[in-house]
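Working notes for the structure below.
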Amino acid sequence: MATTVSLIHELEDALASGSSSQRIVTLGRVTDLFVNGADSYSEEQIDLFDDVLLKITARIEAKSLARLSSRIAPLANAPRRVVRELAFHDDISVASPVLRGSERISEADLLANARSKSQQHLLAISQRMSLPETVTDVLVERGDRDVVQSIVRNTGARFSDNGFRTLVSRSSADEALATQIGARRDIPRHHFLQLIERASARVRQKLIAANPLAATAVKDVVAEVEGGLRSEIRNASADYAAAKAQVEELYFGRRLDETMVYQFARSRQFEHTVVALSLLCGTEVDVVERALLDSGGEVTLILAKFAGLSWTTTSAILLLQAAERGISAQDYEQLMTSFMRLQPETAQRVLGFYRTRRKTQGEYPAR
């Protein structure tokens, strides 16, 4: 590292002289030395480069810093502190290369950047090859239209249940975004149902055009939303199949009780909650699914009362149902009052009448 030590002395002279051109030349030499031998340096040597580069970048113009950012962004062992300084730089030409491509930025720093920096910074983050749910949660919440569309197009991005919920909500007035969300292969079925339910006929056609291989599935979902009540797309869902198998095993083993339903609802396991209520009420899955996707809670109250659930468990199901829009204290109190007044016999009669009507109309699908 004799060359590096001499560069440190050169750096000190450059800083002392106050010459901008000399600092730029020194920065170029240090960067060349690091990039050319990056694969052979130990962590201790990389830390030394970190110290050297931090000293000089503190007094370098953005144009030169942007060149540095572009050169070290692809390096798997780039100096961490320098990368972080560049990532948080206000000038996007400096920050963008490392935000988009550096592996040396921690998840914590990505989160801090996404929560505090400009929309251009968020756009750069959205273009990374892979992104965890914690980061995409912030991007879909804070990001403008360009950021959100970029992250939805990113096949390496992973979204939480809440992230998908936010995306579907934001797509209500944005046909292009709705199309992009619907084209993602990882969108959970219940969010896809809500997306289709909100979408215009034109958007539904775009979803089919964007993914011809899924055209039949999309048409089946549209038919379900519009009253066709077909079960093919549900049975083709991996999430639903797994939930059905797990819950039916509990049910037929006489282990499906109120505690399990409460746990499903509290942990936001939509498919598990739907299948559990369907089995406990002896009614078709579609009735329960539509009840939990409905904006009101009246049918949910009837199902819960029929199943003999307590208010504690029923409220957990209602909170799962209202997760996207929330529920006001007043609405919560009204639902609780209605539930307490509702008699099991009434719930049984209402559900029985509903079943009879659907049988008469030929709309009684198999589970």
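Following the order of the structure tokens, first chain is A, next is B, and so on, with residues numbered from 1 inside each chain and ligands from 1 in the order they appear.
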
**Study point:** Residue contacts of segment 65-69 of chain A (7 Å, only C-alpha atoms) excluding same-chain residues fewer than 6 positions away, as a ChimeraX atom specification
**Key:** /A:57,86,93-94,97-98

Check your understanding: What's the 8 Å shell around segment 247-254 of chain A, counting only C-alpha atoms, without same-chain residues fewer than 5 positions away, as a ChimeraX atom specification?
Key -> /A:272,275-276,279

Exercise for review: Might you pull out every residue within 9 Å of Leu122 of chain A, with only C-alpha atoms counted and same-chain residues fewer than 2 positions away left off, and present them as a ChimeraX atom specification?
Suggested key: /A:99,113-115,117-120,124-127,139,142-144,147

Practice item. Quick one: everything within 10 Å of Leu309 of chain A, counting only C-alpha atoms, minus sequence neighbours fewer than 6 positions away in the same chain. Send it as a VMD selection string. Key: chain A and resid 257 to 259 261 to 262 277 280 301 303 315

Store the residues picked out above in a file with C-alpha atoms, as a tab-separated table (two decimals), in the first residue's frame.
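Result written to out_23.tsv:
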chain	number	residue	atom	x	y	z
A	257	ASP	CA	-62.08	-23.52	16.63
A	258	GLU	CA	-62.63	-19.84	17.37
A	259	THR	CA	-59.04	-19.39	18.51
A	261	VAL	CA	-60.18	-18.11	13.29
A	262	TYR	CA	-59.04	-15.25	15.52
A	277	LEU	CA	-65.75	-19.23	8.02
A	280	LEU	CA	-67.92	-23.28	10.18
A	301	LEU	CA	-71.82	-10.10	11.31
A	303	LEU	CA	-71.73	-15.24	9.31
A	315	SER	CA	-64.03	-7.54	15.40

Exercise for review: Can you work out the spacing between atom CA of Glu44 of chain A and atom CA of Gly28 of chain A in Å, to one decimal?
Suggested key: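 Taking atom CA of Glu44 of chain A and atom CA of Gly28 of chain A, their separation equals 21.2 Å.
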
Practice item. Just the helix (DSSP H, G or I) stuff from segment 75-149 of chain A, please, per backbone DSSP, written as a PyMOL selection string. Key: chain A and resi 80-87+92-101+107-116+119-126+133-142+145-149

Could you dump the residues just selected with C-alpha atoms as a JSON list (two decimals), in the first residue's frame?
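Saved to result23.json:
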[["chain", "number", "residue", "atom", "x", "y", "z"],
["A", 80, "ARG", "CA", -19.31, 1.74, 2.44],
["A", 81, "ARG", "CA", -19.10, 5.19, 4.00],
["A", 82, "VAL", "CA", -18.33, 6.88, 0.70],
["A", 83, "VAL", "CA", -21.22, 5.05, -0.96],
["A", 84, "ARG", "CA", -23.53, 6.21, 1.81],
["A", 85, "GLU", "CA", -22.37, 9.83, 1.48],
["A", 86, "LEU", "CA", -22.98, 9.73, -2.25],
["A", 87, "ALA", "CA", -26.41, 8.10, -1.84],
["A", 92, "ILE", "CA", -29.44, 13.29, -8.00],
["A", 93, "SER", "CA", -26.64, 12.90, -10.57],
["A", 94, "VAL", "CA", -24.40, 12.02, -7.64],
["A", 95, "ALA", "CA", -26.85, 9.86, -5.71],
["A", 96, "SER", "CA", -28.53, 7.98, -8.55],
["A", 97, "PRO", "CA", -25.75, 5.56, -9.63],
["A", 98, "VAL", "CA", -25.18, 4.14, -6.15],
["A", 99, "LEU", "CA", -28.88, 4.15, -5.26],
["A", 100, "ARG", "CA", -29.69, 2.18, -8.39],
["A", 101, "GLY", "CA", -26.76, -0.22, -8.42],
["A", 107, "GLU", "CA", -31.41, -1.85, 3.97],
["A", 108, "ALA", "CA", -31.54, 0.63, 6.86],
["A", 109, "ASP", "CA", -29.90, 3.32, 4.73],
["A", 110, "LEU", "CA", -32.24, 2.61, 1.82],
["A", 111, "LEU", "CA", -35.18, 3.05, 4.19],
["A", 112, "ALA", "CA", -33.79, 6.30, 5.60],
["A", 113, "ASN", "CA", -33.18, 7.60, 2.09],
["A", 114, "ALA", "CA", -36.65, 6.65, 0.87],
["A", 115, "ARG", "CA", -38.25, 8.32, 3.88],
["A", 116, "SER", "CA", -36.39, 11.62, 3.63],
["A", 119, "GLN", "CA", -38.79, 11.89, -5.54],
["A", 120, "GLN", "CA", -35.79, 11.53, -7.85],
["A", 121, "HIS", "CA", -33.97, 9.62, -5.11],
["A", 122, "LEU", "CA", -37.03, 7.39, -4.67],
["A", 123, "LEU", "CA", -37.15, 6.78, -8.42],
["A", 124, "ALA", "CA", -33.50, 5.67, -8.40],
["A", 125, "ILE", "CA", -34.16, 3.27, -5.51],
["A", 126, "SER", "CA", -37.16, 1.84, -7.35],
["A", 133, "GLU", "CA", -40.94, -5.35, 1.29],
["A", 134, "THR", "CA", -39.81, -2.89, 3.95],
["A", 135, "VAL", "CA", -38.43, -0.54, 1.29],
["A", 136, "THR", "CA", -41.28, -0.94, -1.21],
["A", 137, "ASP", "CA", -43.77, -0.14, 1.55],
["A", 138, "VAL", "CA", -42.19, 3.32, 1.82],
["A", 139, "LEU", "CA", -41.91, 3.79, -1.94],
["A", 140, "VAL", "CA", -45.58, 3.06, -2.63],
["A", 141, "GLU", "CA", -46.61, 5.33, 0.23],
["A", 142, "ARG", "CA", -44.32, 8.33, -0.47],
["A", 145, "ARG", "CA", -46.78, 8.45, -10.00],
["A", 146, "ASP", "CA", -43.42, 7.88, -11.75],
["A", 147, "VAL", "CA", -41.96, 6.19, -8.67],
["A", 148, "VAL", "CA", -44.96, 3.92, -8.15],
["A", 149, "GLN", "CA", -45.12, 2.88, -11.80]]

Review point. Any idea what's packed within 12 Å of Ser169 of chain A, counting only C-alpha atoms, ignoring anything in its chain fewer than 6 positions away? Could you give it as a list of chain:residue names?
Key: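 The neighbour list is A:Val140, A:Glu141, A:Asn162, A:Gly163, A:Glu175, A:Leu177, A:Ala178, A:Ile181, A:His191, A:Phe192, A:Gln194, A:Leu195, A:Ile196, A:Glu197, A:Arg198, A:Ala199, A:Ala323, A:Glu324, A:Arg325.
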
Check your understanding: What separation in Å, quoted to one decimal, exists between atom CA of Phe306 of chain A and atom CA of Asp286 of chain A?
Key -> 16.6 Å

Practice item. Find, counting only C-alpha atoms, the residue in A:Gln205, A:Arg153, A:Ile327, A:Leu167 that gets nearest to Gln180 of chain A. Key: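 Answer, going by the shortest atom-to-atom distance: A:Arg153.
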